[in-house]
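Peer 1: Input coords_39.txt, format and content: compact mmCIF, N, CA and C atoms.
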```txt
# COMPACT_ATOMS: atom_id res chain seq x y z
N MET E 1 31.27 23.47 12.64
CA MET E 1 29.93 24.00 12.60
C MET E 1 28.98 23.04 11.87
N LYS E 2 29.44 22.49 10.70
CA LYS E 2 28.60 21.54 9.96
C LYS E 2 28.32 20.30 10.79
N VAL E 3 29.35 19.85 11.50
CA VAL E 3 29.18 18.65 12.32
C VAL E 3 28.14 18.90 13.40
N ASN E 4 28.19 20.07 14.02
CA ASN E 4 27.21 20.40 15.05
C ASN E 4 25.79 20.45 14.49
N LEU E 5 25.64 20.94 13.26
CA LEU E 5 24.32 20.96 12.63
C LEU E 5 23.82 19.55 12.38
N TYR E 6 24.71 18.66 11.92
CA TYR E 6 24.32 17.28 11.68
C TYR E 6 23.91 16.58 12.98
N ILE E 7 24.68 16.84 14.03
CA ILE E 7 24.35 16.25 15.33
C ILE E 7 23.01 16.78 15.83
N ALA E 8 22.81 18.09 15.70
CA ALA E 8 21.54 18.68 16.13
C ALA E 8 20.38 18.10 15.33
N PHE E 9 20.54 17.97 14.01
CA PHE E 9 19.49 17.39 13.16
C PHE E 9 19.18 15.97 13.60
N PHE E 10 20.23 15.18 13.85
CA PHE E 10 20.04 13.79 14.27
C PHE E 10 19.27 13.72 15.58
N LEU E 11 19.69 14.54 16.55
CA LEU E 11 19.01 14.52 17.86
C LEU E 11 17.56 14.95 17.76
N ILE E 12 17.29 15.98 16.97
CA ILE E 12 15.91 16.43 16.79
C ILE E 12 15.09 15.35 16.10
N SER E 13 15.65 14.74 15.06
CA SER E 13 14.94 13.66 14.35
C SER E 13 14.66 12.49 15.27
N PHE E 14 15.64 12.12 16.08
CA PHE E 14 15.47 11.00 17.00
C PHE E 14 14.40 11.31 18.03
N THR E 15 14.40 12.55 18.54
CA THR E 15 13.40 12.96 19.53
C THR E 15 12.00 12.93 18.95
N ILE E 16 11.85 13.39 17.71
CA ILE E 16 10.54 13.43 17.08
C ILE E 16 10.03 12.04 16.75
N THR E 17 10.88 11.19 16.18
CA THR E 17 10.44 9.87 15.74
C THR E 17 10.56 8.82 16.81
N GLY E 18 11.35 9.06 17.83
CA GLY E 18 11.57 8.05 18.85
C GLY E 18 12.48 6.98 18.32
N CYS E 19 12.57 5.89 19.04
CA CYS E 19 13.48 4.83 18.62
C CYS E 19 12.80 3.87 17.67
N GLY E 20 11.57 4.11 17.31
CA GLY E 20 10.89 3.24 16.37
C GLY E 20 10.19 2.06 17.02
N ASN E 21 10.23 1.97 18.32
CA ASN E 21 9.60 0.86 19.01
C ASN E 21 8.09 1.06 19.01
N THR E 22 7.39 0.13 18.40
CA THR E 22 5.93 0.25 18.36
C THR E 22 5.29 -0.69 19.36
N GLY E 23 6.01 -1.02 20.39
CA GLY E 23 5.49 -1.93 21.40
C GLY E 23 6.05 -3.31 21.20
N GLY E 24 5.79 -4.14 22.13
CA GLY E 24 6.30 -5.50 22.09
C GLY E 24 7.06 -5.78 23.37
N SER E 25 7.33 -7.05 23.59
CA SER E 25 7.93 -7.48 24.85
C SER E 25 9.11 -8.39 24.60
N ASP E 26 9.84 -8.65 25.69
CA ASP E 26 11.04 -9.47 25.58
C ASP E 26 10.76 -10.97 25.68
N SER E 27 9.53 -11.35 25.97
CA SER E 27 9.18 -12.77 26.05
C SER E 27 7.69 -12.95 25.76
N PRO E 28 7.28 -14.16 25.39
CA PRO E 28 5.86 -14.41 25.15
C PRO E 28 5.00 -14.11 26.39
N ALA E 29 5.47 -14.55 27.56
CA ALA E 29 4.70 -14.31 28.79
C ALA E 29 4.55 -12.81 29.05
N ASN E 30 5.62 -12.07 28.80
CA ASN E 30 5.56 -10.63 29.03
C ASN E 30 4.68 -9.92 28.02
N SER E 31 4.51 -10.49 26.83
CA SER E 31 3.60 -9.87 25.87
C SER E 31 2.18 -9.83 26.43
N LEU E 32 1.80 -10.88 27.13
CA LEU E 32 0.48 -10.93 27.76
C LEU E 32 0.44 -10.02 28.99
N LYS E 33 1.46 -10.12 29.83
CA LYS E 33 1.50 -9.30 31.04
C LYS E 33 1.52 -7.80 30.72
N ASP E 34 2.32 -7.42 29.72
CA ASP E 34 2.42 -6.01 29.36
C ASP E 34 1.12 -5.49 28.76
N PHE E 35 0.46 -6.33 27.96
CA PHE E 35 -0.83 -5.98 27.38
C PHE E 35 -1.84 -5.71 28.50
N VAL E 36 -1.94 -6.62 29.45
CA VAL E 36 -2.89 -6.48 30.56
C VAL E 36 -2.53 -5.29 31.43
N ALA E 37 -1.23 -5.10 31.69
CA ALA E 37 -0.81 -3.96 32.52
C ALA E 37 -1.23 -2.65 31.88
N ALA E 38 -1.08 -2.53 30.56
CA ALA E 38 -1.49 -1.31 29.87
C ALA E 38 -2.99 -1.08 30.02
N LEU E 39 -3.76 -2.15 29.92
CA LEU E 39 -5.21 -2.00 30.07
C LEU E 39 -5.58 -1.62 31.50
N LYS E 40 -4.90 -2.20 32.47
CA LYS E 40 -5.17 -1.85 33.87
C LYS E 40 -4.78 -0.42 34.17
N GLU E 41 -3.80 0.11 33.41
CA GLU E 41 -3.42 1.52 33.54
C GLU E 41 -4.42 2.42 32.80
N GLN E 42 -5.44 1.80 32.21
CA GLN E 42 -6.44 2.48 31.38
C GLN E 42 -5.77 3.21 30.22
N ASN E 43 -4.82 2.48 29.58
CA ASN E 43 -4.10 3.00 28.44
C ASN E 43 -4.26 2.05 27.26
N PRO E 44 -5.46 2.01 26.65
CA PRO E 44 -5.67 1.07 25.55
C PRO E 44 -4.81 1.36 24.33
N GLY E 45 -4.38 2.60 24.15
CA GLY E 45 -3.49 2.92 23.04
C GLY E 45 -2.16 2.20 23.19
N LYS E 46 -1.67 2.14 24.41
CA LYS E 46 -0.43 1.42 24.70
C LYS E 46 -0.66 -0.08 24.52
N ALA E 47 -1.79 -0.57 25.00
CA ALA E 47 -2.10 -2.00 24.87
C ALA E 47 -2.16 -2.40 23.39
N TRP E 48 -2.73 -1.53 22.56
CA TRP E 48 -2.82 -1.79 21.11
C TRP E 48 -1.44 -2.14 20.54
N ASN E 49 -0.41 -1.48 21.03
CA ASN E 49 0.94 -1.71 20.53
C ASN E 49 1.52 -3.05 20.94
N PHE E 50 0.90 -3.71 21.91
CA PHE E 50 1.35 -5.04 22.31
C PHE E 50 0.62 -6.15 21.53
N LEU E 51 -0.35 -5.76 20.68
CA LEU E 51 -1.07 -6.74 19.87
C LEU E 51 -0.31 -7.05 18.59
N SER E 52 -0.38 -8.29 18.17
CA SER E 52 0.25 -8.70 16.91
C SER E 52 -0.42 -8.01 15.73
N SER E 53 0.26 -7.98 14.61
CA SER E 53 -0.33 -7.38 13.41
C SER E 53 -1.59 -8.14 13.00
N ASN E 54 -1.61 -9.45 13.21
CA ASN E 54 -2.78 -10.27 12.92
C ASN E 54 -3.97 -9.84 13.79
N SER E 55 -3.71 -9.55 15.04
CA SER E 55 -4.77 -9.11 15.96
C SER E 55 -5.26 -7.72 15.59
N GLN E 56 -4.34 -6.84 15.25
CA GLN E 56 -4.74 -5.50 14.84
C GLN E 56 -5.58 -5.56 13.57
N LYS E 57 -5.22 -6.45 12.66
CA LYS E 57 -5.99 -6.62 11.43
C LYS E 57 -7.41 -7.12 11.75
N MET E 58 -7.52 -8.02 12.72
CA MET E 58 -8.83 -8.52 13.14
C MET E 58 -9.71 -7.35 13.58
N TYR E 59 -9.17 -6.46 14.40
CA TYR E 59 -9.93 -5.30 14.85
C TYR E 59 -10.23 -4.35 13.70
N ASP E 60 -9.29 -4.20 12.76
CA ASP E 60 -9.54 -3.37 11.57
C ASP E 60 -10.73 -3.92 10.79
N ASP E 61 -10.76 -5.24 10.60
CA ASP E 61 -11.85 -5.88 9.85
C ASP E 61 -13.20 -5.69 10.54
N ILE E 62 -13.22 -5.84 11.86
CA ILE E 62 -14.46 -5.66 12.62
C ILE E 62 -14.94 -4.21 12.53
N ALA E 63 -13.99 -3.29 12.61
CA ALA E 63 -14.33 -1.87 12.67
C ALA E 63 -14.80 -1.29 11.34
N LYS E 64 -14.46 -1.94 10.23
CA LYS E 64 -14.84 -1.41 8.92
C LYS E 64 -16.34 -1.15 8.83
N ASN E 65 -17.14 -2.05 9.36
CA ASN E 65 -18.59 -1.91 9.32
C ASN E 65 -19.12 -0.84 10.27
N ARG E 66 -18.26 -0.35 11.12
CA ARG E 66 -18.68 0.64 12.11
C ARG E 66 -18.11 2.03 11.82
N ASN E 67 -17.48 2.17 10.66
CA ASN E 67 -16.85 3.44 10.28
C ASN E 67 -15.86 3.94 11.33
N GLN E 68 -15.06 3.01 11.84
CA GLN E 68 -14.02 3.33 12.81
C GLN E 68 -12.73 2.66 12.35
N SER E 69 -11.65 3.11 12.91
CA SER E 69 -10.40 2.37 12.70
C SER E 69 -10.40 1.19 13.68
N GLY E 70 -9.58 0.23 13.41
CA GLY E 70 -9.47 -0.91 14.32
C GLY E 70 -9.03 -0.48 15.70
N LYS E 71 -8.12 0.48 15.73
CA LYS E 71 -7.63 0.96 17.02
C LYS E 71 -8.74 1.65 17.80
N GLU E 72 -9.55 2.46 17.12
CA GLU E 72 -10.67 3.13 17.81
C GLU E 72 -11.65 2.10 18.38
N TYR E 73 -11.97 1.10 17.57
CA TYR E 73 -12.89 0.05 18.02
C TYR E 73 -12.30 -0.69 19.22
N PHE E 74 -11.02 -1.04 19.12
CA PHE E 74 -10.34 -1.74 20.21
C PHE E 74 -10.39 -0.92 21.49
N GLU E 75 -10.04 0.36 21.38
CA GLU E 75 -10.00 1.21 22.56
C GLU E 75 -11.35 1.30 23.25
N LYS E 76 -12.42 1.35 22.48
CA LYS E 76 -13.76 1.39 23.06
C LYS E 76 -14.16 0.04 23.65
N SER E 77 -13.75 -1.04 22.98
CA SER E 77 -14.20 -2.37 23.41
C SER E 77 -13.48 -2.87 24.66
N VAL E 78 -12.34 -2.28 25.01
CA VAL E 78 -11.61 -2.75 26.19
C VAL E 78 -11.59 -1.70 27.30
N SER E 79 -12.54 -0.80 27.27
CA SER E 79 -12.57 0.25 28.30
C SER E 79 -12.77 -0.33 29.70
N ASN E 80 -13.36 -1.51 29.78
CA ASN E 80 -13.54 -2.19 31.06
C ASN E 80 -12.72 -3.48 31.04
N VAL E 81 -11.64 -3.52 31.82
CA VAL E 81 -10.73 -4.67 31.82
C VAL E 81 -11.44 -5.96 32.17
N SER E 82 -12.45 -5.90 33.01
CA SER E 82 -13.16 -7.12 33.41
C SER E 82 -13.89 -7.76 32.24
N SER E 83 -14.12 -6.99 31.16
CA SER E 83 -14.78 -7.55 29.98
C SER E 83 -13.87 -8.52 29.22
N LEU E 84 -12.61 -8.59 29.62
CA LEU E 84 -11.65 -9.47 28.94
C LEU E 84 -11.63 -10.88 29.52
N GLY E 85 -12.49 -11.14 30.44
CA GLY E 85 -12.55 -12.49 31.01
C GLY E 85 -11.33 -12.79 31.86
N LEU E 86 -10.74 -13.95 31.63
CA LEU E 86 -9.65 -14.45 32.47
C LEU E 86 -8.48 -13.48 32.55
N ILE E 87 -8.09 -12.85 31.44
CA ILE E 87 -6.92 -11.97 31.53
C ILE E 87 -7.26 -10.64 32.21
N GLY E 88 -8.53 -10.38 32.44
CA GLY E 88 -8.91 -9.21 33.20
C GLY E 88 -8.77 -9.43 34.70
N MET E 89 -8.61 -10.68 35.10
CA MET E 89 -8.43 -11.05 36.50
C MET E 89 -6.94 -11.15 36.81
N ASP E 90 -6.62 -11.28 38.08
CA ASP E 90 -5.24 -11.56 38.44
C ASP E 90 -4.92 -12.99 38.01
N PHE E 91 -3.74 -13.19 37.45
CA PHE E 91 -3.36 -14.51 36.96
C PHE E 91 -1.86 -14.72 37.11
N ASP E 92 -1.47 -15.97 37.02
CA ASP E 92 -0.06 -16.36 37.01
C ASP E 92 0.23 -17.09 35.72
N VAL E 93 1.39 -16.85 35.15
CA VAL E 93 1.84 -17.62 34.01
C VAL E 93 2.42 -18.92 34.57
N ILE E 94 1.87 -20.06 34.13
CA ILE E 94 2.37 -21.33 34.64
C ILE E 94 3.20 -22.09 33.62
N ASP E 95 3.16 -21.67 32.35
CA ASP E 95 3.99 -22.32 31.34
C ASP E 95 4.10 -21.43 30.12
N GLU E 96 5.23 -21.56 29.44
CA GLU E 96 5.48 -20.83 28.21
C GLU E 96 6.24 -21.77 27.28
N LYS E 97 5.67 -22.03 26.11
CA LYS E 97 6.31 -22.93 25.16
C LYS E 97 6.57 -22.18 23.86
N LYS E 98 7.86 -22.06 23.50
CA LYS E 98 8.23 -21.39 22.26
C LYS E 98 8.47 -22.41 21.17
N ASP E 99 8.05 -22.05 19.96
CA ASP E 99 8.33 -22.84 18.77
C ASP E 99 8.70 -21.85 17.67
N GLY E 100 9.99 -21.52 17.62
CA GLY E 100 10.44 -20.51 16.67
C GLY E 100 9.89 -19.15 17.05
N ASP E 101 9.16 -18.52 16.13
CA ASP E 101 8.59 -17.20 16.38
C ASP E 101 7.16 -17.26 16.89
N ASN E 102 6.72 -18.44 17.32
CA ASN E 102 5.38 -18.62 17.88
C ASN E 102 5.51 -19.20 19.28
N ALA E 103 4.54 -18.88 20.11
CA ALA E 103 4.58 -19.39 21.48
C ALA E 103 3.17 -19.52 22.04
N VAL E 104 3.07 -20.40 23.02
CA VAL E 104 1.83 -20.59 23.76
C VAL E 104 2.14 -20.26 25.22
N VAL E 105 1.30 -19.43 25.82
CA VAL E 105 1.45 -19.05 27.22
C VAL E 105 0.24 -19.58 27.97
N LEU E 106 0.48 -20.41 28.96
CA LEU E 106 -0.59 -20.98 29.77
C LEU E 106 -0.69 -20.18 31.07
N ILE E 107 -1.89 -19.68 31.34
CA ILE E 107 -2.09 -18.91 32.57
C ILE E 107 -3.12 -19.59 33.46
N LYS E 108 -3.03 -19.25 34.74
CA LYS E 108 -3.97 -19.76 35.73
C LYS E 108 -4.45 -18.58 36.55
N SER E 109 -5.77 -18.43 36.62
CA SER E 109 -6.34 -17.33 37.39
C SER E 109 -6.39 -17.72 38.87
N LYS E 110 -6.69 -16.75 39.69
CA LYS E 110 -6.77 -16.99 41.13
C LYS E 110 -7.89 -17.97 41.49
N ASP E 111 -8.91 -18.10 40.60
CA ASP E 111 -9.98 -19.06 40.88
C ASP E 111 -9.64 -20.47 40.37
N GLY E 112 -8.44 -20.64 39.82
CA GLY E 112 -7.99 -21.96 39.38
C GLY E 112 -8.22 -22.26 37.90
N SER E 113 -8.91 -21.38 37.19
CA SER E 113 -9.14 -21.58 35.76
C SER E 113 -7.83 -21.42 34.98
N THR E 114 -7.67 -22.23 33.95
CA THR E 114 -6.49 -22.11 33.09
C THR E 114 -6.92 -21.90 31.65
N THR E 115 -6.08 -21.22 30.91
CA THR E 115 -6.32 -21.05 29.48
C THR E 115 -5.01 -20.72 28.78
N GLU E 116 -5.00 -20.96 27.48
CA GLU E 116 -3.82 -20.70 26.66
C GLU E 116 -4.00 -19.39 25.90
N TYR E 117 -2.92 -18.64 25.81
CA TYR E 117 -2.84 -17.45 24.99
C TYR E 117 -1.67 -17.63 24.03
N PHE E 118 -1.77 -17.02 22.88
CA PHE E 118 -0.75 -17.18 21.87
C PHE E 118 0.02 -15.88 21.69
N SER E 119 1.29 -16.03 21.39
CA SER E 119 2.16 -14.89 21.19
C SER E 119 3.00 -15.16 19.94
N VAL E 120 3.40 -14.11 19.26
CA VAL E 120 4.18 -14.23 18.04
C VAL E 120 5.29 -13.19 18.07
N LYS E 121 6.44 -13.57 17.54
CA LYS E 121 7.56 -12.64 17.48
C LYS E 121 7.50 -11.89 16.16
N GLU E 122 7.44 -10.56 16.25
CA GLU E 122 7.39 -9.69 15.09
C GLU E 122 8.45 -8.60 15.24
N SER E 123 9.29 -8.46 14.26
CA SER E 123 10.35 -7.44 14.28
C SER E 123 11.19 -7.51 15.55
N GLY E 124 11.46 -8.74 16.00
CA GLY E 124 12.34 -8.94 17.14
C GLY E 124 11.72 -8.85 18.51
N VAL E 125 10.42 -8.56 18.59
CA VAL E 125 9.75 -8.48 19.89
C VAL E 125 8.52 -9.37 19.90
N TRP E 126 8.13 -9.80 21.09
CA TRP E 126 6.96 -10.67 21.25
C TRP E 126 5.70 -9.83 21.40
N LYS E 127 4.66 -10.24 20.68
CA LYS E 127 3.37 -9.56 20.74
C LYS E 127 2.27 -10.59 20.99
N LEU E 128 1.24 -10.15 21.67
CA LEU E 128 0.10 -11.01 21.97
C LEU E 128 -0.70 -11.24 20.69
N ASP E 129 -0.89 -12.50 20.34
CA ASP E 129 -1.71 -12.84 19.16
C ASP E 129 -3.12 -13.17 19.66
N TYR E 130 -3.84 -12.11 19.99
CA TYR E 130 -5.18 -12.25 20.54
C TYR E 130 -6.14 -12.86 19.53
N ALA E 131 -5.93 -12.56 18.24
CA ALA E 131 -6.77 -13.13 17.18
C ALA E 131 -6.63 -14.65 17.15
N LYS E 132 -5.40 -15.13 17.24
CA LYS E 132 -5.19 -16.58 17.23
C LYS E 132 -5.76 -17.21 18.51
N THR E 133 -5.63 -16.51 19.61
CA THR E 133 -6.18 -17.01 20.87
C THR E 133 -7.69 -17.20 20.75
N ILE E 134 -8.37 -16.21 20.19
CA ILE E 134 -9.82 -16.32 20.00
C ILE E 134 -10.14 -17.47 19.06
N GLU E 135 -9.41 -17.54 17.95
CA GLU E 135 -9.64 -18.59 16.96
C GLU E 135 -9.48 -19.99 17.57
N GLU E 136 -8.42 -20.19 18.33
CA GLU E 136 -8.17 -21.50 18.94
C GLU E 136 -9.21 -21.83 20.01
N ASN E 137 -9.65 -20.85 20.76
CA ASN E 137 -10.68 -21.09 21.77
C ASN E 137 -12.02 -21.40 21.14
N MET E 138 -12.31 -20.82 19.98
CA MET E 138 -13.56 -21.13 19.26
C MET E 138 -13.56 -22.58 18.80
N LYS E 139 -12.41 -23.10 18.40
CA LYS E 139 -12.31 -24.50 17.97
C LYS E 139 -12.67 -25.44 19.11
N LYS E 140 -12.34 -25.05 20.34
CA LYS E 140 -12.60 -25.91 21.49
C LYS E 140 -14.08 -26.03 21.81
N VAL E 141 -14.88 -25.03 21.44
CA VAL E 141 -16.30 -25.07 21.74
C VAL E 141 -17.14 -25.59 20.60
N GLU E 142 -16.53 -25.83 19.45
CA GLU E 142 -17.28 -26.33 18.30
C GLU E 142 -17.62 -27.81 18.45
```
In structure tokens, how does this file's structure come out?

Peer 2:
Amino acid sequence: MKVNLYIAFFLISFTITGCGNTGGSDSPANSLKDFVAALKEQNPGKAWNFLSSNSQKMYDDIAKNRNQSGKEYFEKSVSNVSSLGLIGMDFDVIDEKKDGDNAVVLIKSKDGSTTEYFSVKESGVWKLDYAKTIEENMKKVE
């Protein structure tokens, strides 16, 4: 009887908390693909989970002045996938370079444009480092 109670408690706890997966992908390229797929499904909450902690912090910092959480700001700012530029379009991953827990993903859109996106491994899964992507792209225009 005690064993059955322990098993029932474990199953209920597991069902309530889930497996603890807060998003992430099995590869750097998939971190970008999964992020975009979630947005195309109009599920920005799911997309949020594919963002690196650095990217989530970036949105938290922006949102502070707007009396919102970073996630709320993110969800409102990505309501239109086309506002994301190149990743809002159809694209192909043409290269992926890993360096430890960091990676660069090179994509090419259907119009021939290419750009780099950054990914980082956190807690064993790859997440899109959108903050670093923005930072690196800003350096190119300076």

Peer 1: Can you tell me which residues surround Glu116 in chain E at a distance of at most 8 Å, considering all atoms listed in the file, apart from same-chain residues fewer than 4 positions away, and format the answer as a ChimeraX atom specification?

Peer 2: /E:104-108,132-134,137

Peer 1: How far is it from atom C of Lys121 in chain E to atom C of Asp60 in chain E, in Å with one decimal?

Peer 2: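 So the two atoms, atom C of Lys121 in chain E and atom C of Asp60 in chain E, lie 20.6 Å apart.
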
Peer 1: Do you have the CA of Lys40 in chain E-CA of Arg66 in chain E distance handy?

Peer 2: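 Here the two named atoms are 25.7 Å from each other.
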
Peer 1: Which residues are near Lys127 in chain E? Cut-off 5 Å, all atoms listed in the file, ignore same chain within fewer than 6 positions. Put them as a list in words.

Peer 2: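 Residues near the query, excluding close chain neighbours: Phe50, Leu51, Ser52, Ser119, Val120 and Lys121 of chain E.
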
Peer 1: Report, in Å to a single decimal, how far apart CA of Glu75 in chain E and CA of Pro44 in chain E are.

Peer 2: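 Between these atoms lies a distance of 5.3 Å.
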
Peer 1: Could you give me, as an mmCIF file with N, CA and C atoms, keeping the file's coordinate frame, the residues within 9 Å of Trp48 in chain E, counting only C-alpha atoms and dropping anything in the same chain fewer than 6 positions from it?

Peer 2:
```cif
data_model
loop_
_atom_site.group_PDB
_atom_site.id
_atom_site.type_symbol
_atom_site.label_atom_id
_atom_site.label_comp_id
_atom_site.auth_asym_id
_atom_site.auth_seq_id
_atom_site.Cartn_x
_atom_site.Cartn_y
_atom_site.Cartn_z
ATOM 1 N N GLY E 23 6.010 -1.020 20.390
ATOM 2 C CA GLY E 23 5.490 -1.930 21.400
ATOM 3 C C GLY E 23 6.050 -3.310 21.200
ATOM 4 N N PHE E 35 0.460 -6.330 27.960
ATOM 5 C CA PHE E 35 -0.830 -5.980 27.380
ATOM 6 C C PHE E 35 -1.840 -5.710 28.500
ATOM 7 N N ALA E 38 -1.080 -2.530 30.560
ATOM 8 C CA ALA E 38 -1.490 -1.310 29.870
ATOM 9 C C ALA E 38 -2.990 -1.080 30.020
ATOM 10 N N GLN E 56 -4.340 -6.840 15.250
ATOM 11 C CA GLN E 56 -4.740 -5.500 14.840
ATOM 12 C C GLN E 56 -5.580 -5.560 13.570
ATOM 13 N N LYS E 71 -8.120 0.480 15.730
ATOM 14 C CA LYS E 71 -7.630 0.960 17.020
ATOM 15 C C LYS E 71 -8.740 1.650 17.800
ATOM 16 N N PHE E 74 -11.020 -1.040 19.120
ATOM 17 C CA PHE E 74 -10.340 -1.740 20.210
ATOM 18 C C PHE E 74 -10.390 -0.920 21.490
ATOM 19 N N GLU E 75 -10.040 0.360 21.380
ATOM 20 C CA GLU E 75 -10.000 1.210 22.560
ATOM 21 C C GLU E 75 -11.350 1.300 23.250
#
```

Peer 1: Which of range 9-123 of chain E counts as strand (DSSP E) under DSSP, as number ranges by chain please?

Peer 2: E: 91-99, 102-109, 114-122

Peer 1: Pull N, CA and C atoms from the residues just selected and write them as a PDB file, in the frame of the given file.

Peer 2:
```
ATOM      1  N   PHE E  91      -3.740 -13.190  37.450  1.00  0.00           N
ATOM      2  CA  PHE E  91      -3.360 -14.510  36.960  1.00  0.00           C
ATOM      3  C   PHE E  91      -1.860 -14.720  37.110  1.00  0.00           C
ATOM      4  N   ASP E  92      -1.470 -15.970  37.020  1.00  0.00           N
ATOM      5  CA  ASP E  92      -0.060 -16.360  37.010  1.00  0.00           C
ATOM      6  C   ASP E  92       0.230 -17.090  35.720  1.00  0.00           C
ATOM      7  N   VAL E  93       1.390 -16.850  35.150  1.00  0.00           N
ATOM      8  CA  VAL E  93       1.840 -17.620  34.010  1.00  0.00           C
ATOM      9  C   VAL E  93       2.420 -18.920  34.570  1.00  0.00           C
ATOM     10  N   ILE E  94       1.870 -20.060  34.130  1.00  0.00           N
ATOM     11  CA  ILE E  94       2.370 -21.330  34.640  1.00  0.00           C
ATOM     12  C   ILE E  94       3.200 -22.090  33.620  1.00  0.00           C
ATOM     13  N   ASP E  95       3.160 -21.670  32.350  1.00  0.00           N
ATOM     14  CA  ASP E  95       3.990 -22.320  31.340  1.00  0.00           C
ATOM     15  C   ASP E  95       4.100 -21.430  30.120  1.00  0.00           C
ATOM     16  N   GLU E  96       5.230 -21.560  29.440  1.00  0.00           N
ATOM     17  CA  GLU E  96       5.480 -20.830  28.210  1.00  0.00           C
ATOM     18  C   GLU E  96       6.240 -21.770  27.280  1.00  0.00           C
ATOM     19  N   LYS E  97       5.670 -22.030  26.110  1.00  0.00           N
ATOM     20  CA  LYS E  97       6.310 -22.930  25.160  1.00  0.00           C
ATOM     21  C   LYS E  97       6.570 -22.180  23.860  1.00  0.00           C
ATOM     22  N   LYS E  98       7.860 -22.060  23.500  1.00  0.00           N
ATOM     23  CA  LYS E  98       8.230 -21.390  22.260  1.00  0.00           C
ATOM     24  C   LYS E  98       8.470 -22.410  21.170  1.00  0.00           C
ATOM     25  N   ASP E  99       8.050 -22.050  19.960  1.00  0.00           N
ATOM     26  CA  ASP E  99       8.330 -22.840  18.770  1.00  0.00           C
ATOM     27  C   ASP E  99       8.700 -21.850  17.670  1.00  0.00           C
ATOM     28  N   ASN E 102       6.720 -18.440  17.320  1.00  0.00           N
ATOM     29  CA  ASN E 102       5.380 -18.620  17.880  1.00  0.00           C
ATOM     30  C   ASN E 102       5.510 -19.200  19.280  1.00  0.00           C
ATOM     31  N   ALA E 103       4.540 -18.880  20.110  1.00  0.00           N
ATOM     32  CA  ALA E 103       4.580 -19.390  21.480  1.00  0.00           C
ATOM     33  C   ALA E 103       3.170 -19.520  22.040  1.00  0.00           C
ATOM     34  N   VAL E 104       3.070 -20.400  23.020  1.00  0.00           N
ATOM     35  CA  VAL E 104       1.830 -20.590  23.760  1.00  0.00           C
ATOM     36  C   VAL E 104       2.140 -20.260  25.220  1.00  0.00           C
ATOM     37  N   VAL E 105       1.300 -19.430  25.820  1.00  0.00           N
ATOM     38  CA  VAL E 105       1.450 -19.050  27.220  1.00  0.00           C
ATOM     39  C   VAL E 105       0.240 -19.580  27.970  1.00  0.00           C
ATOM     40  N   LEU E 106       0.480 -20.410  28.960  1.00  0.00           N
ATOM     41  CA  LEU E 106      -0.590 -20.980  29.770  1.00  0.00           C
ATOM     42  C   LEU E 106      -0.690 -20.180  31.070  1.00  0.00           C
ATOM     43  N   ILE E 107      -1.890 -19.680  31.340  1.00  0.00           N
ATOM     44  CA  ILE E 107      -2.090 -18.910  32.570  1.00  0.00           C
ATOM     45  C   ILE E 107      -3.120 -19.590  33.460  1.00  0.00           C
ATOM     46  N   LYS E 108      -3.030 -19.250  34.740  1.00  0.00           N
ATOM     47  CA  LYS E 108      -3.970 -19.760  35.730  1.00  0.00           C
ATOM     48  C   LYS E 108      -4.450 -18.580  36.550  1.00  0.00           C
ATOM     49  N   SER E 109      -5.770 -18.430  36.620  1.00  0.00           N
ATOM     50  CA  SER E 109      -6.340 -17.330  37.390  1.00  0.00           C
ATOM     51  C   SER E 109      -6.390 -17.720  38.870  1.00  0.00           C
ATOM     52  N   THR E 114      -7.670 -22.230  33.950  1.00  0.00           N
ATOM     53  CA  THR E 114      -6.490 -22.110  33.090  1.00  0.00           C
ATOM     54  C   THR E 114      -6.920 -21.900  31.650  1.00  0.00           C
ATOM     55  N   THR E 115      -6.080 -21.220  30.910  1.00  0.00           N
ATOM     56  CA  THR E 115      -6.320 -21.050  29.480  1.00  0.00           C
ATOM     57  C   THR E 115      -5.010 -20.720  28.780  1.00  0.00           C
ATOM     58  N   GLU E 116      -5.000 -20.960  27.480  1.00  0.00           N
ATOM     59  CA  GLU E 116      -3.820 -20.700  26.660  1.00  0.00           C
ATOM     60  C   GLU E 116      -4.000 -19.390  25.900  1.00  0.00           C
ATOM     61  N   TYR E 117      -2.920 -18.640  25.810  1.00  0.00           N
ATOM     62  CA  TYR E 117      -2.840 -17.450  24.990  1.00  0.00           C
ATOM     63  C   TYR E 117      -1.670 -17.630  24.030  1.00  0.00           C
ATOM     64  N   PHE E 118      -1.770 -17.020  22.880  1.00  0.00           N
ATOM     65  CA  PHE E 118      -0.750 -17.180  21.870  1.00  0.00           C
ATOM     66  C   PHE E 118       0.020 -15.880  21.690  1.00  0.00           C
ATOM     67  N   SER E 119       1.290 -16.030  21.390  1.00  0.00           N
ATOM     68  CA  SER E 119       2.160 -14.890  21.190  1.00  0.00           C
ATOM     69  C   SER E 119       3.000 -15.160  19.940  1.00  0.00           C
ATOM     70  N   VAL E 120       3.400 -14.110  19.260  1.00  0.00           N
ATOM     71  CA  VAL E 120       4.180 -14.230  18.040  1.00  0.00           C
ATOM     72  C   VAL E 120       5.290 -13.190  18.070  1.00  0.00           C
ATOM     73  N   LYS E 121       6.440 -13.570  17.540  1.00  0.00           N
ATOM     74  CA  LYS E 121       7.560 -12.640  17.480  1.00  0.00           C
ATOM     75  C   LYS E 121       7.500 -11.890  16.160  1.00  0.00           C
ATOM     76  N   GLU E 122       7.440 -10.560  16.250  1.00  0.00           N
ATOM     77  CA  GLU E 122       7.390  -9.690  15.090  1.00  0.00           C
ATOM     78  C   GLU E 122       8.450  -8.600  15.240  1.00  0.00           C
TER      79      GLU E 122
END
```

Peer 1: Of the candidates E:Asp101, E:Ala37, E:Met58, E:Asn43, which one gets nearest to Met89 in chain E if we count only C-alpha atoms?

Peer 2: E:Ala37

Peer 1: Do a neighbour search on Asp92 in chain E at 12 Å with only C-alpha atoms, toss out local chain neighbours closer than 6 positions, and write the hits as a VMD selection string.

Peer 2: chain E and resid 29 to 30 32 to 33 86 105 to 116

Peer 1: Given the choices E:Asp26, E:Glu135, E:Ser31, E:Lys57, which gets closest to Gly70 in chain E if the distance is worked out from only N, CA and C atoms?

Peer 2: E:Lys57
